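Content type compact mmCIF, C-alpha atoms and all ligand atoms, from the file input.txt:
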```
# COMPACT_ATOMS: atom_id res chain seq x y z
CA MET A 272 96.45 122.19 103.42
CA SER A 273 93.39 120.39 104.88
CA ASP A 274 92.83 119.89 108.62
CA ALA A 275 90.71 116.77 108.08
CA PRO A 276 92.89 113.71 108.71
CA LEU A 277 93.35 111.50 105.63
CA ILE A 278 93.51 107.74 106.21
CA ILE A 279 94.74 105.48 103.43
CA GLY A 280 93.59 101.88 103.81
CA GLY A 281 90.44 100.39 105.35
CA GLY A 282 91.91 97.30 107.04
CA PRO A 283 91.91 96.94 110.85
CA ALA A 284 94.42 99.77 111.41
CA GLY A 285 92.74 102.29 109.09
CA SER A 286 89.18 101.57 110.24
CA ALA A 287 90.19 101.63 113.92
CA VAL A 288 91.95 104.99 113.66
CA ALA A 289 88.95 106.37 111.74
CA ILE A 290 86.67 105.35 114.62
CA HIS A 291 88.95 106.88 117.27
CA LEU A 292 89.41 110.13 115.34
CA ALA A 293 85.69 110.45 114.60
CA ARG A 294 84.88 109.81 118.25
CA ALA A 295 87.32 112.62 119.13
CA GLY A 296 85.30 115.00 116.98
CA ALA A 297 87.35 114.96 113.76
CA ARG A 298 85.83 114.17 110.36
CA PRO A 299 88.47 111.90 108.86
CA LEU A 300 88.41 110.83 105.24
CA LEU A 301 89.24 107.14 104.70
CA ILE A 302 90.24 105.88 101.26
CA GLU A 303 89.93 102.13 100.60
CA ARG A 304 90.93 100.75 97.23
CA GLN A 305 88.55 97.77 97.33
CA VAL A 306 84.87 98.32 96.51
CA GLU A 307 83.91 95.10 98.33
CA THR A 308 85.73 93.95 101.43
CA GLY A 309 87.77 90.89 100.56
CA ASP A 310 88.90 88.04 102.80
CA ALA A 311 92.48 89.20 103.50
CA LEU A 312 95.12 86.51 103.68
CA CYS A 313 95.50 86.06 107.44
CA GLY A 314 95.43 83.35 110.10
CA GLY A 315 92.30 84.93 111.54
CA PHE A 316 93.39 84.45 115.18
CA LEU A 317 92.29 87.27 117.48
CA SER A 318 94.25 87.35 120.73
CA TRP A 319 92.62 88.27 124.03
CA ARG A 320 94.25 91.70 123.82
CA THR A 321 92.89 92.18 120.31
CA LEU A 322 89.44 91.19 121.58
CA ALA A 323 89.65 93.85 124.33
CA ARG A 324 90.55 96.47 121.71
CA LEU A 325 87.68 95.39 119.47
CA ASP A 326 85.37 95.70 122.45
CA ASP A 327 86.59 99.30 122.93
CA LEU A 328 85.61 99.89 119.31
CA SER A 329 82.13 98.45 120.06
CA ILE A 330 82.66 95.47 117.73
CA ASP A 331 80.56 92.56 118.97
CA ILE A 332 82.63 89.61 117.84
CA ASN A 333 80.23 87.07 119.37
CA GLY A 334 77.44 88.60 117.33
CA LEU A 335 79.66 88.10 114.27
CA GLY A 336 79.89 84.38 115.07
CA ALA A 337 83.56 84.27 116.15
CA GLN A 338 84.79 80.85 117.27
CA PRO A 339 86.13 80.84 120.85
CA ILE A 340 89.78 79.71 121.03
CA HIS A 341 91.07 78.49 124.39
CA ARG A 342 94.28 76.61 123.62
CA VAL A 343 97.32 76.42 121.41
CA ARG A 344 98.61 73.14 119.97
CA LEU A 345 102.10 72.83 118.54
CA PHE A 346 103.23 70.02 116.25
CA ALA A 347 106.72 69.11 115.03
CA ARG A 348 107.43 65.69 113.60
CA ASP A 349 105.72 63.32 116.04
CA ARG A 350 105.88 65.71 118.99
CA ILE A 351 102.75 67.53 120.17
CA THR A 352 102.31 70.06 122.95
CA GLU A 353 99.03 71.57 124.00
CA ALA A 354 98.62 74.49 126.41
CA LYS A 355 95.80 76.74 127.54
CA LEU A 356 96.04 80.34 126.35
CA PRO A 357 96.39 82.99 129.08
CA ALA A 358 92.84 84.09 128.17
CA GLN A 359 90.25 83.33 125.51
CA GLY A 360 91.03 84.30 121.92
CA ALA A 361 88.82 83.91 118.85
CA GLY A 362 88.78 82.80 115.23
CA LEU A 363 87.06 85.08 112.72
CA SER A 364 87.45 85.53 108.98
CA ARG A 365 88.94 88.82 107.84
CA LYS A 366 86.03 89.43 105.51
CA THR A 367 83.65 89.49 108.48
CA LEU A 368 85.97 91.44 110.77
CA ASP A 369 87.12 94.03 108.23
CA SER A 370 83.54 94.61 107.04
CA ALA A 371 82.35 95.20 110.61
CA LEU A 372 85.20 97.61 111.36
CA LEU A 373 84.73 99.63 108.19
CA GLU A 374 80.98 99.89 108.77
CA ALA A 375 81.67 101.04 112.33
CA ALA A 376 84.03 103.72 110.99
CA GLY A 377 81.24 105.10 108.79
CA ARG A 378 78.75 104.99 111.65
CA ALA A 379 81.18 106.83 113.93
CA GLY A 380 81.28 109.74 111.47
CA ALA A 381 84.24 109.02 109.19
CA GLN A 382 83.76 109.72 105.49
CA VAL A 383 84.58 106.45 103.71
CA LEU A 384 85.43 106.43 99.98
CA ARG A 385 85.66 102.96 98.46
CA GLY A 386 87.05 101.88 95.13
CA ILE A 387 89.63 104.68 95.14
CA SER A 388 93.37 104.11 95.64
CA ALA A 389 96.13 106.38 96.75
CA ILE A 390 98.58 106.25 93.84
CA GLU A 391 101.54 108.07 95.36
CA ALA A 392 102.47 110.39 98.16
CA ALA A 393 104.99 113.11 98.77
CA PRO A 394 105.29 115.17 101.97
CA GLY A 395 101.90 116.78 102.54
CA ARG A 396 100.45 115.56 99.21
CA VAL A 397 98.64 112.42 98.14
CA ARG A 398 97.50 111.65 94.59
CA LEU A 399 94.36 109.53 94.29
CA SER A 400 93.21 107.28 91.47
CA ASP A 401 90.22 109.53 90.75
CA GLY A 402 92.72 112.18 89.59
CA THR A 403 92.38 114.41 92.65
CA MET A 404 95.22 115.61 94.86
CA ARG A 405 94.81 115.83 98.64
CA GLU A 406 96.95 117.95 100.91
CA PRO A 407 96.22 116.72 104.43
CA ALA A 408 98.07 118.13 107.45
CA SER A 409 97.88 114.62 108.95
CA LEU A 410 98.22 111.45 106.88
CA PHE A 411 97.48 108.07 108.48
CA LEU A 412 99.18 105.41 106.38
CA ALA A 413 97.39 102.08 106.83
CA THR A 414 97.96 100.32 103.51
CA GLY A 415 99.09 97.14 105.31
CA LYS A 416 100.98 94.71 103.11
CA ARG A 417 101.08 97.10 100.14
CA ASP A 418 103.56 99.93 100.05
CA LEU A 419 102.51 103.30 98.72
CA ARG A 420 104.75 104.87 96.08
CA GLY A 421 106.69 107.69 97.68
CA LEU A 422 106.43 106.21 101.20
CA PRO A 423 107.76 102.64 100.89
CA ARG A 424 109.11 100.54 103.72
CA PRO A 425 112.78 99.62 103.19
CA ALA A 426 113.23 96.85 100.64
CA SER A 427 113.88 93.45 102.22
CA ARG A 428 117.50 92.32 102.05
CA ASP A 429 116.47 88.74 102.76
CA ALA A 430 117.84 86.53 99.98
CA ASP A 431 115.16 83.93 100.73
CA PRO A 432 112.03 85.96 101.55
CA GLU A 433 108.98 84.62 103.33
CA LEU A 434 105.66 84.27 101.52
CA GLY A 435 102.15 84.00 102.90
CA LEU A 436 99.76 81.26 101.71
CA ARG A 437 96.20 80.50 102.70
CA TRP A 438 93.69 77.71 102.04
CA ARG A 439 90.06 77.74 103.16
CA LEU A 440 89.19 74.13 103.82
CA SER A 441 85.63 72.85 103.82
CA VAL A 442 85.57 70.14 106.46
CA ASP A 443 83.18 67.61 107.95
CA GLY A 444 82.31 67.57 111.65
CA ASN A 445 85.03 65.02 112.51
CA ARG A 446 87.82 67.10 111.03
CA ALA A 447 86.42 70.28 112.58
CA ALA A 448 86.41 68.53 115.96
CA LEU A 449 90.12 67.68 115.62
CA VAL A 450 90.95 71.40 115.54
CA GLY A 451 88.16 72.30 117.98
CA ASP A 452 88.83 75.34 120.15
CA ALA A 453 92.58 75.46 119.43
CA ILE A 454 94.92 77.45 117.27
CA GLU A 455 97.17 74.73 115.83
CA LEU A 456 100.66 75.39 114.51
CA PHE A 457 102.46 72.74 112.45
CA LEU A 458 106.19 73.52 112.25
CA PHE A 459 108.46 72.49 109.37
CA GLU A 460 111.87 73.41 108.11
CA GLY A 461 111.47 76.76 106.37
CA GLY A 462 107.88 77.43 107.35
CA TYR A 463 104.73 76.63 109.29
CA VAL A 464 101.03 76.26 108.70
CA GLY A 465 98.45 77.38 111.27
CA LEU A 466 94.91 75.95 111.47
CA LEU A 467 91.92 77.64 113.00
CA MET A 468 88.15 77.17 112.86
CA GLN A 469 86.26 80.21 111.63
CA GLU A 470 82.67 81.38 111.85
CA ASP A 471 81.69 79.82 108.52
CA GLY A 472 82.59 76.30 109.75
CA ARG A 473 85.68 76.14 107.54
CA ILE A 474 89.25 75.62 108.63
CA ASN A 475 91.46 78.57 107.78
CA ALA A 476 94.90 77.14 106.99
CA CYS A 477 97.50 79.87 106.74
CA ALA A 478 101.21 79.42 106.13
CA ALA A 479 104.37 81.49 106.09
CA VAL A 480 107.11 79.81 104.11
CA ARG A 481 110.51 80.57 102.66
CA LYS A 482 110.44 81.05 98.90
CA SER A 483 113.07 78.33 98.49
CA ARG A 484 110.82 75.74 100.20
CA LEU A 485 107.95 76.59 97.87
CA ALA A 486 110.34 76.36 94.91
CA GLU A 487 111.23 72.82 96.03
CA ALA A 488 107.52 72.02 95.73
CA ASP A 489 107.67 73.18 92.08
CA GLY A 490 106.32 76.56 93.18
CA ARG A 491 102.93 74.93 93.82
CA PRO A 492 101.30 75.69 97.20
CA GLU A 493 99.09 72.57 96.94
CA THR A 494 102.17 70.38 96.50
CA LEU A 495 103.83 72.02 99.50
CA LEU A 496 100.81 71.44 101.74
CA ALA A 497 100.46 67.86 100.51
CA ARG A 498 104.15 67.23 101.31
CA TRP A 499 103.75 68.71 104.76
CA ALA A 500 100.69 66.46 105.27
CA ASP A 501 102.74 63.43 104.18
CA ALA A 502 105.23 64.30 106.92
CA SER A 503 102.55 64.88 109.57
CA PRO A 504 99.67 62.40 109.96
CA ALA A 505 97.95 64.87 112.32
CA LEU A 506 97.95 67.53 109.60
CA ALA A 507 96.81 64.99 106.99
CA ALA A 508 93.86 64.00 109.20
CA ARG A 509 92.73 67.63 109.37
CA ILE A 510 93.09 68.78 105.77
CA GLY A 511 91.78 65.66 104.02
CA SER A 512 92.59 64.67 100.45
CA VAL A 513 91.22 67.64 98.51
CA ILE A 514 93.41 70.72 98.72
CA PRO A 515 91.80 73.81 97.16
CA PRO A 516 93.84 76.47 95.34
CA ALA A 517 95.74 78.79 97.67
CA ASP A 518 95.77 82.56 98.01
CA ALA A 519 99.30 83.93 98.14
CA ILE A 520 101.14 87.11 99.01
CA GLY A 521 104.74 88.02 98.22
CA ALA A 522 107.65 88.83 100.47
CA VAL A 523 106.44 89.72 103.98
CA PRO A 524 108.99 91.93 105.84
CA TYR A 525 108.65 90.13 109.18
CA GLY A 526 110.46 91.89 112.00
CA TRP A 527 110.52 95.33 110.36
CA ARG A 528 109.54 98.30 112.51
CA CYS A 529 109.49 102.03 111.79
CA ARG A 530 111.66 103.72 114.43
CA VAL A 531 111.74 107.32 113.22
CA GLY A 532 108.62 109.27 112.37
CA ALA A 533 108.01 112.48 110.45
CA PRO A 534 105.61 115.32 111.32
CA GLY A 535 102.22 114.76 109.77
CA LEU A 536 102.81 111.08 108.92
CA PHE A 537 101.35 108.40 111.20
CA ARG A 538 102.35 104.90 110.08
CA LEU A 539 99.91 102.28 111.37
CA GLY A 540 99.60 98.48 111.45
CA ASP A 541 101.86 96.61 109.03
CA GLN A 542 103.14 99.96 107.77
CA ALA A 543 104.60 100.50 111.27
CA ALA A 544 105.65 97.06 112.51
CA VAL A 545 105.38 93.54 111.06
CA ILE A 546 105.34 90.79 113.67
CA PRO A 547 106.05 87.18 112.59
CA SER A 548 102.61 85.85 111.83
CA LEU A 549 102.80 82.72 113.97
CA ALA A 550 102.45 85.03 117.01
CA GLY A 551 98.90 85.92 115.90
CA GLU A 552 99.30 89.54 117.00
CA GLY A 553 99.44 91.55 113.75
CA MET A 554 95.86 92.72 114.16
CA GLY A 555 96.60 93.55 117.80
CA ILE A 556 99.41 95.82 116.63
CA ALA A 557 97.16 97.34 113.97
CA LEU A 558 94.50 98.23 116.56
CA ALA A 559 97.01 99.37 119.21
CA SER A 560 98.77 101.62 116.70
CA ALA A 561 95.41 103.19 115.84
CA THR A 562 94.64 103.95 119.49
CA LEU A 563 98.08 105.47 120.12
CA ALA A 564 98.06 107.50 116.90
CA ALA A 565 94.63 108.97 117.52
CA ALA A 566 95.62 109.94 121.08
CA ALA A 567 98.83 111.59 119.82
CA TRP A 568 96.89 113.45 117.12
CA GLN A 569 94.39 114.70 119.69
CA ARG A 570 97.20 116.02 121.89
CA LYS A 571 99.42 117.65 119.29
CA GLY A 572 97.82 117.32 115.87
CA ALA A 573 100.20 116.63 112.97
CA ASN A 574 103.19 117.39 115.23
CA GLY A 575 102.32 114.39 117.40
CA ALA A 576 103.45 111.95 114.70
CA PRO A 577 107.18 111.54 115.50
CA ALA A 578 106.63 110.90 119.24
CA PHE A 579 103.81 108.48 118.38
CA GLN A 580 106.04 106.54 115.99
CA GLN A 581 108.81 106.25 118.58
CA ALA A 582 106.38 105.14 121.30
CA LEU A 583 104.94 102.49 118.98
CA ALA A 584 108.43 101.29 118.02
CA ARG A 585 109.23 100.86 121.73
CA ALA A 586 105.95 99.05 122.42
CA THR A 587 106.46 96.61 119.55
CA ALA A 588 110.15 95.86 120.24
CA ARG A 589 109.65 92.99 122.69
CA PRO A 590 106.75 91.21 120.93
CA LEU A 591 108.62 91.34 117.60
CA ALA A 592 111.88 90.09 119.15
CA VAL A 593 110.25 87.21 121.04
CA ALA A 594 108.11 86.21 118.06
CA GLY A 595 111.23 86.34 115.86
CA LEU A 596 113.10 83.98 118.18
CA ILE A 597 110.19 81.55 118.32
CA LYS A 598 109.92 81.59 114.54
CA GLN A 599 113.66 81.00 114.17
CA LEU A 600 113.60 78.01 116.47
CA GLY A 601 110.32 76.67 115.12
CA THR A 602 111.23 76.75 111.42
CA ARG A 603 115.03 76.55 111.19
CA SER A 604 115.19 72.74 111.07
CA ALA A 605 113.16 69.70 112.06
CA GLN A 606 115.40 69.31 115.15
CA THR A 607 114.94 72.89 116.38
CA ALA A 608 111.20 72.65 115.75
CA SER A 609 111.06 69.51 117.94
CA LEU A 610 113.08 71.33 120.59
CA LEU A 611 110.65 74.26 120.54
CA VAL A 612 107.66 71.95 120.94
CA ALA A 613 109.42 70.17 123.84
CA LEU A 614 110.23 73.53 125.51
CA ALA A 615 106.64 74.67 125.06
CA GLY A 616 105.62 71.60 127.10
CA LEU A 617 107.47 72.89 130.19
CA PRO A 618 105.02 74.15 132.84
CA GLY A 619 103.94 77.71 132.05
CA ALA A 620 106.30 78.09 129.05
CA ALA A 621 103.70 78.31 126.28
CA ARG A 622 101.56 80.74 128.29
CA LEU A 623 104.60 82.91 128.99
CA ALA A 624 105.53 82.95 125.29
CA ALA A 625 101.92 83.83 124.43
CA ARG A 626 102.07 86.76 126.87
CA LEU A 627 105.47 88.04 125.74
CA THR A 628 104.39 88.21 122.10
CA ARG A 629 101.43 90.56 122.85
CA ILE A 630 101.56 94.33 122.47
C1 LIG B 1 100.48 84.45 106.70
C2 LIG B 1 99.93 85.48 107.67
C3 LIG B 1 99.14 85.07 108.74
C4 LIG B 1 98.68 86.01 109.68
N1 LIG B 1 97.91 85.58 110.74
C5 LIG B 1 97.51 86.48 111.68
C6 LIG B 1 96.68 86.07 112.78
O1 LIG B 1 96.27 84.91 112.88
N2 LIG B 1 96.32 87.00 113.70
C7 LIG B 1 96.73 88.32 113.61
O2 LIG B 1 96.40 89.12 114.49
N3 LIG B 1 97.48 88.73 112.56
C8 LIG B 1 97.87 87.85 111.60
N4 LIG B 1 98.59 88.29 110.52
C9 LIG B 1 98.94 89.71 110.41
C10 LIG B 1 97.77 90.56 109.96
O3 LIG B 1 97.17 90.02 108.80
C11 LIG B 1 98.25 91.99 109.66
O4 LIG B 1 99.13 92.41 110.67
C12 LIG B 1 97.05 92.96 109.60
O5 LIG B 1 96.24 92.64 108.48
C13 LIG B 1 97.54 94.39 109.47
O6 LIG B 1 96.43 95.23 109.34
P1 LIG B 1 96.54 96.59 108.52
O7 LIG B 1 95.25 97.31 108.71
O8 LIG B 1 97.81 97.27 108.85
O9 LIG B 1 96.71 96.15 106.98
P2 LIG B 1 95.78 95.30 105.99
O10 LIG B 1 94.96 94.34 106.76
O11 LIG B 1 96.69 94.76 104.95
O12 LIG B 1 94.79 96.38 105.36
C14 LIG B 1 95.26 97.33 104.45
C15 LIG B 1 94.09 97.92 103.68
O13 LIG B 1 94.56 98.98 102.87
C16 LIG B 1 94.03 98.89 101.57
N5 LIG B 1 94.98 99.54 100.66
C17 LIG B 1 96.22 99.11 100.36
N6 LIG B 1 96.84 99.97 99.54
C18 LIG B 1 95.96 100.97 99.32
C19 LIG B 1 96.01 102.17 98.54
N7 LIG B 1 97.11 102.51 97.85
N8 LIG B 1 94.92 102.98 98.53
C20 LIG B 1 93.82 102.66 99.24
N9 LIG B 1 93.71 101.53 99.98
C21 LIG B 1 94.76 100.71 100.03
C22 LIG B 1 93.86 97.40 101.33
O14 LIG B 1 92.90 97.13 100.34
C23 LIG B 1 93.44 96.92 102.74
O15 LIG B 1 92.05 96.96 102.90
C24 LIG B 1 99.03 87.38 109.55
C25 LIG B 1 99.79 87.79 108.45
C26 LIG B 1 100.22 86.86 107.51
C27 LIG B 1 101.05 87.33 106.35
```
As structure tokens, what does this structure read like?
Amino acid sequence: MSDAPLIIGGGPAGSAVAIHLARAGARPLLIERQVETGDALCGGFLSWRTLARLDDLSIDINGLGAQPIHRVRLFARDRITEAKLPAQGAGLSRKTLDSALLEAAGRAGAQVLRGISAIEAAPGRVRLSDGTMREPASLFLATGKRDLRGLPRPASRDADPELGLRWRLSVDGNRAALVGDAIELFLFEGGYVGLLMQEDGRINACAAVRKSRLAEADGRPETLLARWADASPALAARIGSVIPPADAIGAVPYGWRCRVGAPGLFRLGDQAAVIPSLAGEGMGIALASATLAAAAWQRKGANGAPAFQQALARATARPLAVAGLIKQLGTRSAQTASLLVALAGLPGAARLAARLTRI
């Protein structure tokens, strides 16, 4: 059995825990399946809490060109509500953010192996794609959306699962100005699409949608977005007439959280808790889970895992519940979406919701 912590996955959770562990004097090994950092399907919104955590990790998001985000705008039918965020957030592509975090992990002293996957795990053992077997005392599972054979999250029992879609829209200055310094959420029956300006001057349009709604659009993301734009002139004005092909991911287990841990296994990020994406706090949870896990490991080593997992489950309970309620109301029907947008217009309501959905 090896004392060096093994981290599987080099997304925000895996890179962040690698930095914390290396700073604490460990020499963690991080395995990332991708040779080149991709642009993960994500809304790209960094909340003010996420920004504080990135600062702790010495990530200079202004130096990376992040777009400042000061307000949230909600749209349902012809209703619009705009509110200031409790504090400044930011828009940054995942390619830029994930690259910076993984580089920082290497600089901090973590050993980073790229282009190698974990194939399967059993208690205390992990088989890698290069044919080797690792036997770490402490395994940090940060594979995000992908489950690792042997350590899966429970299968979703949702008969109509939610999918993630993303379009990167090249826009002219006028359309960019419409989005400006806001995170914009357009609510529809069965799903939503969020718009955000990123550092490359493009609009990142990211959607979560029930499979049945996509099926009604012949299974074609472009058709779905075009239909949503037909129903919302404000959305149409922003996306223009050319809709590029979408990236897509399968069933996202929104609302799931790991409540019981096992010695030696630290579940991080989406492998620990999956917040509805319209809250824009998934990366916050990824980074917070990394901080908590590294602190627990420093205190008690591999035996710190169960208490860590329970503490994280407690910390994520409220944000997941509040985000789940907002999602329910915002995407159940056109009427409930209009109601949500009207409620968000009440003094202080949107800011309160923004606060309650943070970890
Ligand atoms: C539609 C949508 C919109 C979202 N919008 C936002 C938003 O605006 N703001 C926000 O904060 N959050 C948002 N999120 C959530 C956010 O994307 C996730 O919570 C976050 O990416 C979780 O980080 P992670 O490090 O746990 O996992 P990931 O980011 O998924 O990283 C996992 C890493 O592990 C690697 N990996 C996977 N399997 C293996 C393996 N077997 N071996 C080796 N490596 C492996 C992958 O290549 C990847 O690099 C959104 C999510 C969705 C679905």
_7 Å from ligand LIG 1 (chain B) is the threshold here; counting all atoms listed in the file, which polymer residues fall inside it? Answer as number ranges by chain._
A: 279-285, 302-305, 311-318, 387-390, 413-419, 435-436, 477-479, 523, 539-542, 545, 548-549, 551-557
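Going from CA of Ala500 (chain A) to CA of Leu600 (chain A) covers 20.6 Å.
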Report as JSON lines the residues of region 386-494 of chain A within 10 Å of region 335-344 of chain A, each with its shortest atom pair and distance in Å (one decimal), using all atoms listed in the file, ordered by chain and increasing residue number.
```
{"residue": "A:Val450", "atom": "CA", "partner": "A:Arg344", "partner_atom": "CA", "distance": 9.0}
{"residue": "A:Gly451", "atom": "CA", "partner": "A:Ile340", "partner_atom": "CA", "distance": 8.2}
{"residue": "A:Asp452", "atom": "CA", "partner": "A:Ile340", "partner_atom": "CA", "distance": 4.6}
{"residue": "A:Ala453", "atom": "CA", "partner": "A:Arg342", "partner_atom": "CA", "distance": 4.7}
{"residue": "A:Ile454", "atom": "CA", "partner": "A:Val343", "partner_atom": "CA", "distance": 4.9}
{"residue": "A:Glu455", "atom": "CA", "partner": "A:Arg344", "partner_atom": "CA", "distance": 4.7}
{"residue": "A:Leu456", "atom": "CA", "partner": "A:Arg344", "partner_atom": "CA", "distance": 6.3}
{"residue": "A:Phe457", "atom": "CA", "partner": "A:Arg344", "partner_atom": "CA", "distance": 8.5}
{"residue": "A:Gly465", "atom": "CA", "partner": "A:Arg344", "partner_atom": "CA", "distance": 9.7}
{"residue": "A:Leu466", "atom": "CA", "partner": "A:Arg344", "partner_atom": "CA", "distance": 9.7}
{"residue": "A:Leu467", "atom": "CA", "partner": "A:Ile340", "partner_atom": "CA", "distance": 8.6}
{"residue": "A:Met468", "atom": "CA", "partner": "A:Gln338", "partner_atom": "CA", "distance": 6.7}
{"residue": "A:Gln469", "atom": "CA", "partner": "A:Gln338", "partner_atom": "CA", "distance": 5.9}
{"residue": "A:Glu470", "atom": "CA", "partner": "A:Gly336", "partner_atom": "CA", "distance": 5.2}
{"residue": "A:Asp471", "atom": "CA", "partner": "A:Gly336", "partner_atom": "CA", "distance": 8.2}
{"residue": "A:Gly472", "atom": "CA", "partner": "A:Gln338", "partner_atom": "CA", "distance": 9.1}
```
Distance of CA of Pro407 (chain A) from CA of Val306 (chain A), expressed in Å to one decimal place: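 CA of Pro407 (chain A) lies at a distance of 23.0 Å from CA of Val306 (chain A).
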* Asked: In terms of the shortest atom-to-atom distance over all atoms listed in the file, which of A:Gln359, A:Gln580, A:Ser441, A:Thr352 is closest to Leu610 (chain A)?
  ->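 Ranking A:Gln359, A:Gln580, A:Ser441, A:Thr352 by distance to Leu610 (chain A), first place goes to A:Thr352.
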**Report entry** Residue neighbourhood Asn574 (chain A), 10 Å, all atoms listed in the file, exclusion window fewer than 3 positions, as JSON, numbers by chain
**Finding:** {"A": [408, 409, 533, 534, 535, 536, 567, 568, 570, 571, 577, 578, 579]}
Students should find that CA of Leu440 (chain A) and CA of Asp501 (chain A) are spaced 17.3 Å
Select, from A:Pro394, A:Gly360, A:Pro547, A:Gly380, the residue with the minimum atom-to-atom distance to Trp319 (chain A), counting all atoms listed in the file.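 For Trp319 (chain A), the nearest of the given residues is A:Gly360.
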Could you tell me, as a ChimeraX atom specification, which residues have any atom at most 8 Å from (85.3, 97.8, 113.2), counting only C-alpha atoms?
/A:283,286-287,290,325,328-330,368-376
- For Trp438 (chain A), please output as a PyMOL selection string all residues within 8 Å (counting all atoms listed in the file; exclusion window: fewer than 5 positions along the same chain). chain A and resi 475-477+514-518
Give as a ChimeraX atom specification every residue, naming chains and numbers as the document does, that has an atom within 10 Å of (115.5, 87.9, 99.6), counting only C-alpha atoms. /A:426-433,481-483,522,524
- Message: Set the distance at 8 Å and use all atoms listed in the file: which residues neighbour region 348-351 of chain A once local chain neighbours fewer than 3 positions away are removed? I'd like the list as a ChimeraX atom specification.
- Response: /A:344-345,502-503,605,609,612-613
Could you save the residues just selected, with C-alpha atoms, as a short mmCIF file (atom, residue, chain, number, x, y, z; two decimals), keeping the file's coordinate frame?
```cif
data_model
loop_
_atom_site.label_atom_id
_atom_site.label_comp_id
_atom_site.auth_asym_id
_atom_site.auth_seq_id
_atom_site.Cartn_x
_atom_site.Cartn_y
_atom_site.Cartn_z
CA ARG A 344 98.61 73.14 119.97
CA LEU A 345 102.10 72.83 118.54
CA ALA A 502 105.23 64.30 106.92
CA SER A 503 102.55 64.88 109.57
CA ALA A 605 113.16 69.70 112.06
CA SER A 609 111.06 69.51 117.94
CA VAL A 612 107.66 71.95 120.94
CA ALA A 613 109.42 70.17 123.84
#
```
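Among the candidates A:Val593, A:Leu611, A:Ala582, A:Cys529, the one nearest to Leu458 (chain A) when counting all atoms listed in the file is A:Leu611.
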Q.
Using all atoms listed in the file for the distances, tell me which of A:Leu558, A:Leu485, A:Pro492, A:Leu384 is nearest to Asp326 (chain A).
A.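 Nearest candidate to Asp326 (chain A) out of A:Leu558, A:Leu485, A:Pro492, A:Leu384: A:Leu558.
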**Using all atoms listed in the file: which of A:Ala323, A:Ala347, A:Leu495, A:Ala584 has the shortest distance to Ala615 (chain A)** =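 Smallest distance to Ala615 (chain A) is found for A:Ala347.
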Do you know which residues are at most 9 Å from Glu460 (chain A) counting only C-alpha atoms, after dropping those on the same chain fewer than 5 positions away, and could you put them as JSON, numbers by chain? {"A": [480, 484, 601, 602, 603, 604, 605, 606, 607, 608]}
So that all listed atoms of region 360-370 of chain A fit with 8 Å spare on each side, what axis-aligned box centre and edge lengths in Å, to one decimal, would you give as lines of an AutoDock Vina configuration file?
```
center_x = 87.3
center_y = 88.7
center_z = 113.7
size_x = 23.5
size_y = 27.8
size_z = 32.4
```
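Distance annotation: of A:Lys355, A:Arg626, A:Arg437, A:Arg538, the residue with the minimal separation from Ile278 (chain A) is A:Arg538; atom set is all atoms listed in the file.
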Complete region 404-411 of chain A at the level of N, CA, C and O atoms, written as a PDB file, keeping the file's coordinate frame.
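The result, written out as result.pdb:
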```pdb
ATOM      1  N   MET A 404      94.036 115.511  93.999  1.00  0.00           N
ATOM      2  CA  MET A 404      95.220 115.610  94.860  1.00  0.00           C
ATOM      3  C   MET A 404      94.738 116.060  96.232  1.00  0.00           C
ATOM      4  O   MET A 404      93.916 116.980  96.324  1.00  0.00           O
ATOM      5  N   ARG A 405      95.193 115.414  97.281  1.00  0.00           N
ATOM      6  CA  ARG A 405      94.810 115.830  98.640  1.00  0.00           C
ATOM      7  C   ARG A 405      96.040 116.381  99.334  1.00  0.00           C
ATOM      8  O   ARG A 405      97.152 115.867  99.125  1.00  0.00           O
ATOM      9  N   GLU A 406      95.830 117.359 100.177  1.00  0.00           N
ATOM     10  CA  GLU A 406      96.950 117.950 100.910  1.00  0.00           C
ATOM     11  C   GLU A 406      96.619 117.958 102.396  1.00  0.00           C
ATOM     12  O   GLU A 406      96.350 119.018 102.985  1.00  0.00           O
ATOM     13  N   PRO A 407      96.621 116.784 103.017  1.00  0.00           N
ATOM     14  CA  PRO A 407      96.220 116.720 104.430  1.00  0.00           C
ATOM     15  C   PRO A 407      97.371 117.135 105.346  1.00  0.00           C
ATOM     16  O   PRO A 407      98.525 116.803 105.080  1.00  0.00           O
ATOM     17  N   ALA A 408      97.035 117.823 106.445  1.00  0.00           N
ATOM     18  CA  ALA A 408      98.070 118.130 107.450  1.00  0.00           C
ATOM     19  C   ALA A 408      98.510 116.829 108.127  1.00  0.00           C
ATOM     20  O   ALA A 408      99.665 116.681 108.504  1.00  0.00           O
ATOM     21  N   SER A 409      97.561 115.889 108.281  1.00  0.00           N
ATOM     22  CA  SER A 409      97.880 114.620 108.950  1.00  0.00           C
ATOM     23  C   SER A 409      97.479 113.455 108.051  1.00  0.00           C
ATOM     24  O   SER A 409      96.305 113.313 107.687  1.00  0.00           O
ATOM     25  N   LEU A 410      98.472 112.628 107.711  1.00  0.00           N
ATOM     26  CA  LEU A 410      98.220 111.450 106.880  1.00  0.00           C
ATOM     27  C   LEU A 410      98.421 110.197 107.729  1.00  0.00           C
ATOM     28  O   LEU A 410      99.459 110.021 108.362  1.00  0.00           O
ATOM     29  N   PHE A 411      97.404 109.327 107.748  1.00  0.00           N
ATOM     30  CA  PHE A 411      97.480 108.070 108.480  1.00  0.00           C
ATOM     31  C   PHE A 411      97.659 106.958 107.444  1.00  0.00           C
ATOM     32  O   PHE A 411      96.742 106.676 106.670  1.00  0.00           O
TER      33      PHE A 411
END
```
